[in-house]
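Colleague: Structure supplied as run-v4.txt; contents: compact mmCIF, C-alpha atoms.
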# COMPACT_ATOMS: atom_id res chain seq x y z
CA MET A 29 44.00 -68.42 -11.86
CA HIS A 30 43.99 -69.18 -8.15
CA GLU A 31 45.87 -72.45 -8.69
CA VAL A 32 49.02 -70.29 -8.84
CA ASP A 33 48.42 -69.11 -5.28
CA MET A 34 47.50 -72.61 -4.19
CA THR A 35 50.77 -73.87 -5.65
CA LYS A 36 52.58 -71.20 -3.63
CA CYS A 37 50.87 -72.48 -0.49
CA LEU A 38 51.86 -76.02 -1.41
CA LEU A 39 55.50 -75.04 -1.98
CA LEU A 40 55.64 -73.25 1.38
CA SER A 41 54.44 -76.42 3.12
CA LEU A 42 57.00 -78.50 1.23
CA GLN A 43 59.79 -76.05 2.17
CA GLU A 44 58.75 -76.47 5.78
CA TRP A 45 58.88 -80.24 5.44
CA LYS A 46 62.32 -80.01 3.79
CA ARG A 47 63.65 -78.01 6.72
CA GLY A 48 62.67 -80.96 8.90
CA GLN A 49 65.05 -83.18 6.87
CA GLU A 50 68.10 -81.00 7.38
CA PRO A 51 71.05 -81.33 7.07
CA LEU A 52 70.08 -83.71 4.25
CA THR A 53 68.40 -82.48 1.10
CA PRO A 54 65.65 -84.84 0.03
CA VAL A 55 65.22 -85.66 -3.65
CA VAL A 56 61.48 -85.66 -4.19
CA ALA A 57 60.03 -88.08 -6.72
CA ALA A 58 56.35 -87.38 -6.19
CA VAL A 59 54.00 -85.23 -4.15
CA HIS A 60 50.59 -86.81 -3.56
CA LEU A 61 47.56 -84.58 -3.16
CA GLN A 62 43.94 -85.30 -2.44
CA VAL A 63 41.61 -82.82 -4.10
CA GLY A 64 37.88 -83.02 -3.54
CA ASP A 65 35.39 -82.56 -6.36
CA PHE A 66 33.55 -79.97 -4.29
CA THR A 67 36.39 -77.45 -4.27
CA CYS A 68 37.37 -74.65 -6.62
CA VAL A 69 40.49 -76.48 -7.73
CA GLU A 70 41.05 -77.69 -11.25
CA PRO A 71 43.57 -80.57 -11.01
CA GLU A 72 44.94 -79.94 -14.52
CA ALA A 73 45.63 -76.29 -13.71
CA LEU A 74 47.34 -77.30 -10.48
CA ARG A 75 49.59 -79.79 -12.32
CA PHE A 76 50.47 -77.11 -14.85
CA THR A 77 51.34 -74.44 -12.30
CA PHE A 78 53.28 -76.91 -10.16
CA ALA A 79 55.41 -78.00 -13.13
CA ALA A 80 56.13 -74.37 -13.97
CA ALA A 81 56.84 -73.36 -10.36
CA VAL A 82 59.32 -76.12 -9.50
CA GLU A 83 61.48 -75.67 -12.59
CA GLY A 84 65.04 -75.03 -11.48
CA THR A 85 64.26 -75.51 -7.78
CA TRP A 86 65.02 -78.38 -5.42
CA LEU A 87 61.68 -79.91 -6.49
CA ASP A 88 62.58 -79.96 -10.19
CA GLY A 89 61.87 -83.43 -11.58
CA SER A 90 59.18 -84.28 -9.05
CA THR A 91 55.67 -85.09 -10.19
CA LEU A 92 52.39 -84.01 -8.70
CA GLU A 93 50.02 -86.93 -8.24
CA ILE A 94 46.45 -85.82 -7.67
CA GLU A 95 43.83 -88.16 -6.33
CA THR A 96 40.36 -86.68 -6.76
CA VAL A 97 37.79 -87.37 -4.07
CA PRO A 98 34.14 -87.52 -5.11
CA LEU A 99 31.48 -85.36 -3.47
CA ARG A 100 29.39 -87.48 -1.10
CA ALA A 101 26.74 -86.28 1.31
CA ARG A 102 24.62 -87.88 4.00
CA CYS A 103 20.87 -87.48 3.78
CA LEU A 104 19.66 -86.57 7.24
CA GLY A 105 16.23 -87.94 6.39
CA CYS A 106 17.31 -91.57 6.13
CA THR A 107 21.09 -91.39 6.86
CA SER A 108 21.97 -92.91 3.47
CA VAL A 109 25.02 -91.51 1.69
CA TYR A 110 24.49 -90.18 -1.84
CA SER A 111 26.40 -88.46 -4.65
CA PRO A 112 24.98 -84.96 -4.98
CA ASP A 113 24.33 -83.88 -8.54
CA SER A 114 23.91 -80.32 -9.77
CA ALA A 115 21.06 -81.48 -12.05
CA GLN A 116 19.16 -82.41 -8.86
CA ALA A 117 20.25 -79.22 -7.11
CA TYR A 118 22.50 -81.38 -4.89
CA ARG A 119 19.40 -82.68 -3.08
CA SER A 120 19.14 -86.23 -1.81
CA PRO A 121 17.42 -88.59 -4.28
CA CYS A 122 15.95 -90.65 -1.43
CA CYS A 123 14.14 -88.01 0.62
CA ASP A 124 14.54 -84.86 -1.54
CA ARG A 125 16.36 -83.04 1.23
CA PRO A 126 18.97 -80.28 0.76
CA MET A 127 22.66 -81.11 0.93
CA GLU A 128 23.10 -81.05 4.68
CA GLU A 129 26.15 -83.06 5.74
CA ILE A 130 29.07 -83.33 3.32
CA VAL A 131 30.93 -86.61 3.89
CA SER A 132 33.70 -86.10 1.31
CA GLY A 133 34.62 -83.81 -1.53
CA ARG A 134 36.01 -80.76 0.33
CA GLU A 135 39.54 -82.21 0.62
CA LEU A 136 42.53 -80.03 -0.26
CA ARG A 137 45.22 -82.14 1.32
CA ILE A 138 48.92 -82.86 0.89
CA ARG A 139 48.78 -86.58 1.59
CA SER A 140 52.39 -87.70 1.26
CA VAL A 141 55.79 -87.17 -0.32
CA ASP A 142 57.89 -89.88 -2.03
CA TYR A 143 61.59 -89.07 -1.80
CA SER A 144 65.11 -90.32 -1.29
CA LEU A 145 67.94 -88.98 0.82
CA PRO A 146 71.36 -88.85 -0.82
CA GLN A 147 74.26 -89.45 1.56
CA GLN A 148 75.45 -85.88 1.59
CA THR A 149 74.76 -82.81 3.62
CA SER A 150 72.91 -79.99 2.00
CA ASP A 151 74.84 -77.04 0.71
CA PRO A 152 72.83 -73.97 1.73
CA ALA A 153 74.20 -72.01 -1.21
CA ALA A 154 72.78 -74.56 -3.63
CA VAL A 155 69.30 -74.41 -2.17
CA PRO A 156 67.20 -71.61 -3.53
CA SER A 157 65.70 -70.00 -0.47
CA ARG A 158 62.33 -68.42 -0.54
CA MET B 1 72.35 -94.92 -1.74
CA HIS B 2 68.91 -93.60 -2.72
CA MET B 3 66.53 -95.27 -0.32
CA PRO B 4 62.98 -94.71 -1.54
CA LEU B 5 61.07 -93.14 1.32
CA SER B 6 57.62 -91.77 1.83
CA ASP B 7 56.39 -89.32 4.45
CA THR B 8 52.74 -88.98 5.26
CA LEU B 9 52.01 -85.29 5.71
CA GLY B 10 48.22 -85.09 5.91
CA LEU B 11 48.53 -81.31 5.69
CA ASN B 12 45.94 -78.86 4.42
CA LEU B 13 47.09 -77.76 0.96
CA MET B 14 46.18 -74.23 1.99
CA ALA B 15 48.12 -74.47 5.27
CA ALA B 16 50.28 -71.41 4.54
CA ASN B 17 47.22 -69.23 3.89
CA GLN B 18 45.38 -70.84 6.79
CA HIS B 19 48.15 -69.98 9.29
CA GLN B 20 48.06 -66.33 8.23
CA ALA B 21 44.24 -66.32 8.34
CA ASP B 22 44.29 -67.76 11.87
CA HIS B 23 46.81 -65.10 12.83
CA ASN B 24 44.56 -62.35 11.43
CA ARG B 25 41.62 -63.77 13.38
CA GLU B 26 43.67 -63.72 16.59
CA HIS B 27 44.11 -59.98 16.04
CA PHE B 28 40.38 -59.52 15.40
CA ASP B 29 39.60 -61.39 18.59
CA ALA B 30 42.15 -59.41 20.58
CA TRP B 31 40.47 -56.23 19.30
CA ASN B 32 37.06 -57.74 20.06
CA LEU B 33 35.60 -57.05 16.64
CA LEU B 34 33.60 -59.06 14.13
CA CYS B 35 35.06 -59.51 10.66
CA LEU B 36 32.73 -60.19 7.73
CA ASN B 37 34.11 -61.27 4.34
CA VAL B 38 31.76 -60.04 1.60
CA MET B 39 31.96 -61.92 -1.69
CA SER B 40 30.11 -62.04 -5.00
CA SER B 41 30.61 -61.89 -8.75
CA PRO B 42 31.59 -58.49 -10.17
CA GLY B 43 28.62 -56.14 -10.27
CA ALA B 44 26.35 -58.01 -7.86
CA GLY B 45 26.21 -54.89 -5.69
CA LYS B 46 28.70 -55.34 -2.85
CA THR B 47 29.76 -51.71 -2.75
CA SER B 48 26.20 -50.34 -3.14
CA LEU B 49 25.03 -52.60 -0.34
CA LEU B 50 27.89 -51.53 1.93
CA GLU B 51 27.15 -47.84 1.22
CA ARG B 52 23.56 -48.34 2.45
CA THR B 53 24.41 -50.70 5.30
CA ILE B 54 27.29 -48.66 6.69
CA THR B 55 25.20 -45.49 6.55
CA ALA B 56 22.32 -47.21 8.36
CA LEU B 57 24.48 -48.82 11.04
CA ALA B 58 26.88 -45.91 11.63
CA PRO B 59 24.91 -44.62 14.65
CA HIS B 60 25.16 -48.06 16.29
CA LEU B 61 28.52 -49.55 15.32
CA GLU B 62 32.10 -48.42 14.80
CA MET B 63 33.13 -49.81 11.41
CA ALA B 64 35.99 -49.89 8.92
CA VAL B 65 36.45 -51.47 5.51
CA LEU B 66 39.28 -53.36 3.84
CA GLU B 67 38.50 -52.89 0.17
CA GLY B 68 39.84 -55.44 -2.29
CA ASP B 69 40.03 -54.32 -5.88
CA MET B 70 42.14 -55.63 -8.73
CA THR B 71 43.36 -52.38 -10.20
CA THR B 72 41.41 -49.31 -9.11
CA GLN B 73 40.49 -47.53 -5.88
CA LEU B 74 37.03 -46.54 -7.13
CA ASP B 75 35.14 -48.69 -4.61
CA ALA B 76 37.32 -47.45 -1.76
CA GLN B 77 36.53 -43.84 -2.71
CA ARG B 78 32.78 -44.59 -2.75
CA LEU B 79 32.91 -46.04 0.74
CA GLU B 80 35.13 -43.28 2.10
CA ALA B 81 32.40 -40.91 0.93
CA VAL B 82 29.96 -42.45 3.42
CA GLY B 83 32.36 -41.49 6.22
CA VAL B 84 34.04 -44.72 7.20
CA PRO B 85 37.77 -45.52 7.34
CA VAL B 86 38.72 -47.52 4.25
CA VAL B 87 41.98 -49.26 3.43
CA PRO B 88 42.23 -50.12 -0.27
CA ILE B 89 43.98 -53.37 -1.11
CA THR B 90 44.89 -53.48 -4.79
CA THR B 91 45.37 -57.13 -5.65
CA GLY B 92 46.91 -56.65 -9.10
CA ARG B 93 46.66 -59.92 -10.99
CA ALA B 94 45.12 -61.84 -8.09
CA CYS B 95 41.41 -62.53 -8.44
CA HIS B 96 40.83 -62.83 -4.69
CA LEU B 97 42.12 -61.49 -1.40
CA ASP B 98 44.33 -63.84 0.57
CA ALA B 99 45.22 -63.77 4.24
CA ALA B 100 48.61 -62.10 3.66
CA MET B 101 47.03 -59.23 1.69
CA VAL B 102 44.51 -58.69 4.48
CA SER B 103 47.33 -58.75 7.01
CA GLY B 104 49.01 -55.95 5.03
CA GLY B 105 45.72 -54.05 5.04
CA LEU B 106 45.47 -54.44 8.80
CA CYS B 107 48.90 -52.82 9.25
CA GLN B 108 47.71 -49.83 7.22
CA LEU B 109 44.49 -49.70 9.20
CA GLN B 110 46.44 -49.63 12.47
CA ALA B 111 48.38 -46.64 11.18
CA GLN B 112 45.04 -44.78 10.85
CA LEU B 113 43.18 -45.81 13.96
CA ASP B 114 43.04 -48.10 16.97
CA PRO B 115 41.25 -51.25 15.74
CA ALA B 116 40.19 -52.04 19.30
CA ALA B 117 37.72 -49.16 18.96
CA LEU B 118 35.95 -50.99 16.11
CA ASP B 119 32.96 -53.30 16.42
CA LEU B 120 32.84 -54.50 12.83
CA LEU B 121 35.40 -54.83 10.06
CA TRP B 122 34.09 -55.37 6.54
CA VAL B 123 36.33 -57.08 4.02
CA GLU B 124 34.99 -56.44 0.54
CA ASN B 125 36.55 -59.16 -1.58
CA VAL B 126 37.41 -58.99 -5.28
CA GLY B 127 34.40 -59.70 -7.51
CA ASN B 128 34.62 -63.42 -8.23
CA LEU B 129 32.38 -66.38 -7.39
CA VAL B 130 35.14 -69.00 -7.49
CA CYS B 131 38.51 -68.21 -5.91
CA PRO B 132 37.57 -66.26 -2.78
CA ALA B 133 35.61 -69.28 -1.53
CA GLU B 134 38.85 -71.18 -0.92
CA PHE B 135 40.97 -68.36 0.52
CA GLU B 136 40.08 -67.62 4.10
CA VAL B 137 41.33 -64.22 5.25
CA GLY B 138 40.58 -64.63 8.96
CA GLU B 139 36.93 -63.63 8.80
CA HIS B 140 34.44 -64.87 11.36
CA LEU B 141 31.62 -65.16 8.82
CA LYS B 142 31.27 -65.17 5.05
CA VAL B 143 28.58 -63.15 3.30
CA ALA B 144 27.81 -63.96 -0.35
CA LEU B 145 25.73 -61.81 -2.69
CA LEU B 146 23.83 -62.98 -5.75
CA SER B 147 21.94 -60.46 -7.84
CA VAL B 148 18.66 -61.52 -9.46
CA THR B 149 20.04 -60.50 -12.88
CA GLU B 150 22.62 -63.29 -12.66
CA GLY B 151 19.97 -65.99 -12.98
CA ASP B 152 18.62 -68.71 -10.72
CA ASP B 153 21.19 -71.34 -11.76
CA LYS B 154 24.21 -69.63 -10.16
CA PRO B 155 23.94 -71.32 -6.74
CA LEU B 156 24.18 -74.64 -8.60
CA LYS B 157 26.97 -73.50 -10.92
CA TYR B 158 29.11 -72.01 -8.16
CA PRO B 159 28.00 -74.20 -5.28
CA VAL B 160 31.18 -73.95 -3.20
CA MET B 161 30.76 -70.21 -2.67
CA PHE B 162 27.12 -70.54 -1.64
CA ARG B 163 27.83 -73.60 0.50
CA GLU B 164 30.63 -71.80 2.37
CA ALA B 165 28.60 -68.64 3.00
CA ASP B 166 27.03 -68.09 6.40
CA CYS B 167 24.70 -65.48 4.96
CA VAL B 168 23.47 -65.05 1.39
CA LEU B 169 21.92 -61.85 0.09
CA ILE B 170 19.78 -61.97 -3.03
CA THR B 171 20.30 -58.44 -4.34
CA LYS B 172 18.62 -56.07 -6.81
CA VAL B 173 15.15 -57.52 -6.10
CA ASP B 174 13.68 -54.18 -7.30
CA LEU B 175 14.48 -55.41 -10.84
CA LEU B 176 12.35 -58.58 -10.53
CA PRO B 177 9.34 -57.13 -12.38
CA TYR B 178 11.52 -56.73 -15.47
CA LEU B 179 13.14 -60.17 -15.42
CA PRO B 180 12.03 -63.70 -16.33
CA VAL B 181 13.42 -64.89 -12.98
CA ALA B 182 11.57 -66.35 -10.01
CA VAL B 183 13.28 -65.16 -6.84
CA GLN B 184 11.84 -68.11 -4.94
CA ARG B 185 13.71 -70.43 -7.28
CA ILE B 186 16.99 -68.63 -6.51
CA GLU B 187 16.33 -68.97 -2.81
CA THR B 188 15.39 -72.66 -3.14
CA HIS B 189 18.64 -73.37 -4.97
CA ILE B 190 20.65 -71.55 -2.32
CA ARG B 191 18.93 -73.53 0.43
CA SER B 192 19.47 -76.79 -1.47
CA VAL B 193 23.25 -76.38 -1.39
CA ASN B 194 23.31 -74.68 2.01
CA PRO B 195 20.29 -75.21 4.26
CA ALA B 196 22.09 -73.54 7.19
CA ALA B 197 22.61 -70.13 5.55
CA GLU B 198 20.70 -67.01 6.50
CA VAL B 199 19.07 -65.72 3.31
CA PHE B 200 17.85 -62.18 2.75
CA GLN B 201 16.21 -60.63 -0.32
CA VAL B 202 17.29 -57.01 -0.63
CA SER B 203 17.57 -54.01 -2.90
CA ALA B 204 20.18 -51.38 -2.12
CA SER B 205 18.47 -49.13 -4.62
CA SER B 206 14.86 -49.26 -3.32
CA GLY B 207 15.81 -50.18 0.24
CA ALA B 208 13.56 -53.27 0.18
CA GLY B 209 14.55 -55.92 2.70
CA LEU B 210 17.48 -53.93 4.08
CA ASP B 211 16.00 -53.64 7.58
CA ALA B 212 16.07 -57.39 8.18
CA TRP B 213 19.66 -57.61 6.91
CA HIS B 214 20.75 -54.65 9.06
CA GLN B 215 19.12 -56.18 12.13
CA TRP B 216 21.00 -59.40 11.44
CA VAL B 217 24.35 -57.58 11.12
CA LEU B 218 23.69 -55.60 14.29
CA ALA B 219 22.58 -58.62 16.31
CA THR B 220 25.42 -60.80 15.01
CA THR B 221 28.03 -58.12 15.79
CA ARG B 222 26.68 -57.50 19.29
CA GLU B 223 26.42 -61.19 20.03
CA HIS B 224 29.97 -61.75 18.79
CA THR B 225 31.59 -58.89 20.66
CA ARG B 226 29.65 -59.69 23.84
CA GLN B 227 30.72 -63.33 23.72
CA ALA B 228 34.31 -62.36 23.04
CA ALA B 229 34.17 -60.04 26.06
CA LEU B 230 32.85 -62.89 28.20
CA VAL B 231 35.70 -65.13 27.11
CA GLU B 232 38.14 -62.40 28.10
CA VAL B 233 36.62 -62.09 31.57
CA GLY B 234 36.31 -65.87 31.97
In structure tokens, what does this structure look like?

Modeller:
Amino acid sequence: MHEVDMTKCLLLSLQEWKRGQEPLTPVVAAVHLQVGDFTCVEPEALRFTFAAAVEGTWLDGSTLEIETVPLRARCLGCTSVYSPDSAQAYRSPCCDRPMEEIVSGRELRIRSVDYSLPQQTSDPAAVPSR
Amino acid sequence: MHMPLSDTLGLNLMAANQHQADHNREHFDAWNLLCLNVMSSPGAGKTSLLERTITALAPHLEMAVLEGDMTTQLDAQRLEAVGVPVVPITTGRACHLDAAMVSGGLCQLQAQLDPAALDLLWVENVGNLVCPAEFEVGEHLKVALLSVTEGDDKPLKYPVMFREADCVLITKVDLLPYLPVAVQRIETHIRSVNPAAEVFQVSASSGAGLDAWHQWVLATTREHTRQAALVEVG
């Protein structure tokens, strides 16, 4: 399940972001992701591994909000944008051309973090380091 | 005291892997070699193809292999037998190579030889049509294999892999007479999801189509290393 490794990547990026907040320790309410439909990521699996990975860490209690982005492609025959479908072999319905230019659907992005900053400095001993 | 705040990050989810992959590629470029990441489902014929291709290209190119395998070193032993330096990377539970594993493999490779003497580094990924597509390891180009026995629907079922590939090899074409599969249909599906890919029909067992593939590897490697050399001079 590669979502485990993707969650690790996500946590590393969040650790990096947290270091930017020092000496305060942010309390994270939600992490917002954008995940394209044309990726190998299963949002449910990502939610599951995230929940398991943050247990007992500084991110415990935060939720993972995943916005899925549909696959859209531009037909280079007529420049219209269409939703590629595997039943049509991803070809454009207008001109029957192959899927040339992908407009959206490849996103794997950490969009934003919702958090609050308590009025206290972080205690390094209390922060599980990687 | 808890002010609700929000930071826009706009970061690649895979940033941590991407940084390591970029770092690996910097090494490849400093050594002026081409790195090809070879991917397919288990049993599509990656190792058999590499045996033939490495043997054929050995007089022309200095090569090495980073061999990804979940638990065994069987593939690494097969490739060592054709006389090329091989570093096995046992991935354990992971169903793909990631950039950090390849970085570890590079350290081992450096203990064996000077990578600057190489023209071409093959990375044979773990057999899997899903995960490796999202984990860049620092390669310059991705090569995907699809054997004719897997059926003509696979480019549509695993489109990300075939979309991401720069070169797709349809393998085991010697078996076509025994299968209810039209190779042209496989190729059409590949081109529908990825019109830019180079596509070759090959058989490592009969040798059919291998010449065209070998010429492509040779030309691509020479073009890459020549261009890298020009950048260095410039």

Colleague: Near Val38 (chain B), counting only C-alpha atoms, which residues have an atom at most 12 Å away, once you skip same-chain residues fewer than 5 positions from it, shown as a ChimeraX atom specification?

Modeller: /B:44-47,49-50,65-68,96-97,121-129,132-133,136-137,139-146,161-162,164-169

Colleague: With 8 Å as the threshold, what does the neighbourhood of (17.5, -89.6, 3.0) contain in terms of residues, counting all atoms listed in the file? Coordinates are those of the file; answer as a PyMOL selection string.

Modeller: chain A and resi 102-109+120-125

Colleague: In Å to one decimal, how far is CA of Val59 (chain A) from CA of Asp33 (chain A)?

Modeller: 17.1 Å

Colleague: For a test of reading the model, state the distance in Å between CA of Gln110 (chain B) and CA of Leu61 (chain B), rounded to one decimal.

Modeller: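 One can read the CA of Gln110 (chain B) to CA of Leu61 (chain B) distance as 18.1 Å.
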
Colleague: Might you pull out every residue within 10 Å of region 99-101 of chain B, with only C-alpha atoms counted and same-chain residues fewer than 5 positions away left off, and present them as a list of chain:residue names?

Modeller: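 My list of contacting residues is B:Ala16, B:Asn17, B:Gln18, B:His19, B:Gln20, B:Ala21, B:Asp22, B:His23, B:Asn24, B:Arg25, B:Leu66, B:Gly68, B:Ile89, B:Thr90, B:Thr91, B:Leu106, B:Phe135, B:Glu136, B:Val137, B:Gly138, B:Glu139.
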
Colleague: I need the residues from that last selection saved to file as a tab-separated table (two decimals), keeping the file's coordinate frame (with C-alpha atoms), if you can.

Modeller:
chain	number	residue	atom	x	y	z
B	16	ALA	CA	50.28	-71.41	4.54
B	17	ASN	CA	47.22	-69.23	3.89
B	18	GLN	CA	45.38	-70.84	6.79
B	19	HIS	CA	48.15	-69.98	9.29
B	20	GLN	CA	48.06	-66.33	8.23
B	21	ALA	CA	44.24	-66.32	8.34
B	22	ASP	CA	44.29	-67.76	11.87
B	23	HIS	CA	46.81	-65.10	12.83
B	24	ASN	CA	44.56	-62.35	11.43
B	25	ARG	CA	41.62	-63.77	13.38
B	66	LEU	CA	39.28	-53.36	3.84
B	68	GLY	CA	39.84	-55.44	-2.29
B	89	ILE	CA	43.98	-53.37	-1.11
B	90	THR	CA	44.89	-53.48	-4.79
B	91	THR	CA	45.37	-57.13	-5.65
B	106	LEU	CA	45.47	-54.44	8.80
B	135	PHE	CA	40.97	-68.36	0.52
B	136	GLU	CA	40.08	-67.62	4.10
B	137	VAL	CA	41.33	-64.22	5.25
B	138	GLY	CA	40.58	-64.63	8.96
B	139	GLU	CA	36.93	-63.63	8.80

Colleague: Hey, which of B:Ala111, B:Met3, B:Ile170, B:Ala94 ends up closest to Ser144 (chain A)? Count only C-alpha atoms.

Modeller: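 Distance minimum relative to Ser144 (chain A) lands on B:Met3.
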
Colleague: With N, CA and C atoms as the target, complete region 98-114 of chain A and hand it back as a PDB file, in the coordinates of the input.

Modeller:
ATOM      1  N   PRO A  98      35.492 -87.883  -4.680  1.00  0.00           N
ATOM      2  CA  PRO A  98      34.140 -87.520  -5.110  1.00  0.00           C
ATOM      3  C   PRO A  98      33.339 -86.831  -4.005  1.00  0.00           C
ATOM      4  N   LEU A  99      32.402 -86.006  -4.421  1.00  0.00           N
ATOM      5  CA  LEU A  99      31.480 -85.360  -3.470  1.00  0.00           C
ATOM      6  C   LEU A  99      30.469 -86.404  -3.007  1.00  0.00           C
ATOM      7  N   ARG A 100      30.380 -86.579  -1.691  1.00  0.00           N
ATOM      8  CA  ARG A 100      29.390 -87.480  -1.100  1.00  0.00           C
ATOM      9  C   ARG A 100      28.744 -86.745   0.067  1.00  0.00           C
ATOM     10  N   ALA A 101      27.455 -86.949   0.217  1.00  0.00           N
ATOM     11  CA  ALA A 101      26.740 -86.280   1.310  1.00  0.00           C
ATOM     12  C   ALA A 101      25.821 -87.280   1.999  1.00  0.00           C
ATOM     13  N   ARG A 102      25.531 -87.010   3.258  1.00  0.00           N
ATOM     14  CA  ARG A 102      24.620 -87.880   4.000  1.00  0.00           C
ATOM     15  C   ARG A 102      23.252 -87.220   4.083  1.00  0.00           C
ATOM     16  N   CYS A 103      22.238 -87.966   3.673  1.00  0.00           N
ATOM     17  CA  CYS A 103      20.870 -87.480   3.780  1.00  0.00           C
ATOM     18  C   CYS A 103      20.441 -87.616   5.236  1.00  0.00           C
ATOM     19  N   LEU A 104      20.032 -86.518   5.826  1.00  0.00           N
ATOM     20  CA  LEU A 104      19.660 -86.570   7.240  1.00  0.00           C
ATOM     21  C   LEU A 104      18.239 -87.083   7.430  1.00  0.00           C
ATOM     22  N   GLY A 105      17.562 -87.346   6.290  1.00  0.00           N
ATOM     23  CA  GLY A 105      16.230 -87.940   6.390  1.00  0.00           C
ATOM     24  C   GLY A 105      16.325 -89.427   6.692  1.00  0.00           C
ATOM     25  N   CYS A 106      17.224 -90.112   5.980  1.00  0.00           N
ATOM     26  CA  CYS A 106      17.310 -91.570   6.130  1.00  0.00           C
ATOM     27  C   CYS A 106      18.725 -92.051   6.403  1.00  0.00           C
ATOM     28  N   THR A 107      19.666 -91.131   6.571  1.00  0.00           N
ATOM     29  CA  THR A 107      21.090 -91.390   6.860  1.00  0.00           C
ATOM     30  C   THR A 107      21.849 -92.094   5.727  1.00  0.00           C
ATOM     31  N   SER A 108      21.222 -92.288   4.574  1.00  0.00           N
ATOM     32  CA  SER A 108      21.970 -92.910   3.470  1.00  0.00           C
ATOM     33  C   SER A 108      22.908 -91.878   2.852  1.00  0.00           C
ATOM     34  N   VAL A 109      24.021 -92.389   2.313  1.00  0.00           N
ATOM     35  CA  VAL A 109      25.020 -91.510   1.690  1.00  0.00           C
ATOM     36  C   VAL A 109      24.772 -91.501   0.194  1.00  0.00           C
ATOM     37  N   TYR A 110      24.778 -90.294  -0.408  1.00  0.00           N
ATOM     38  CA  TYR A 110      24.490 -90.180  -1.840  1.00  0.00           C
ATOM     39  C   TYR A 110      25.504 -89.274  -2.518  1.00  0.00           C
ATOM     40  N   SER A 111      25.521 -89.313  -3.848  1.00  0.00           N
ATOM     41  CA  SER A 111      26.400 -88.460  -4.650  1.00  0.00           C
ATOM     42  C   SER A 111      25.610 -87.271  -5.172  1.00  0.00           C
ATOM     43  N   PRO A 112      25.765 -86.121  -4.549  1.00  0.00           N
ATOM     44  CA  PRO A 112      24.980 -84.960  -4.980  1.00  0.00           C
ATOM     45  C   PRO A 112      25.279 -84.581  -6.427  1.00  0.00           C
ATOM     46  N   ASP A 113      24.238 -84.175  -7.114  1.00  0.00           N
ATOM     47  CA  ASP A 113      24.330 -83.880  -8.540  1.00  0.00           C
ATOM     48  C   ASP A 113      23.710 -82.497  -8.782  1.00  0.00           C
ATOM     49  N   SER A 114      24.430 -81.670  -9.544  1.00  0.00           N
ATOM     50  CA  SER A 114      23.910 -80.320  -9.770  1.00  0.00           C
ATOM     51  C   SER A 114      22.558 -80.354 -10.490  1.00  0.00           C
TER      52      SER A 114
END
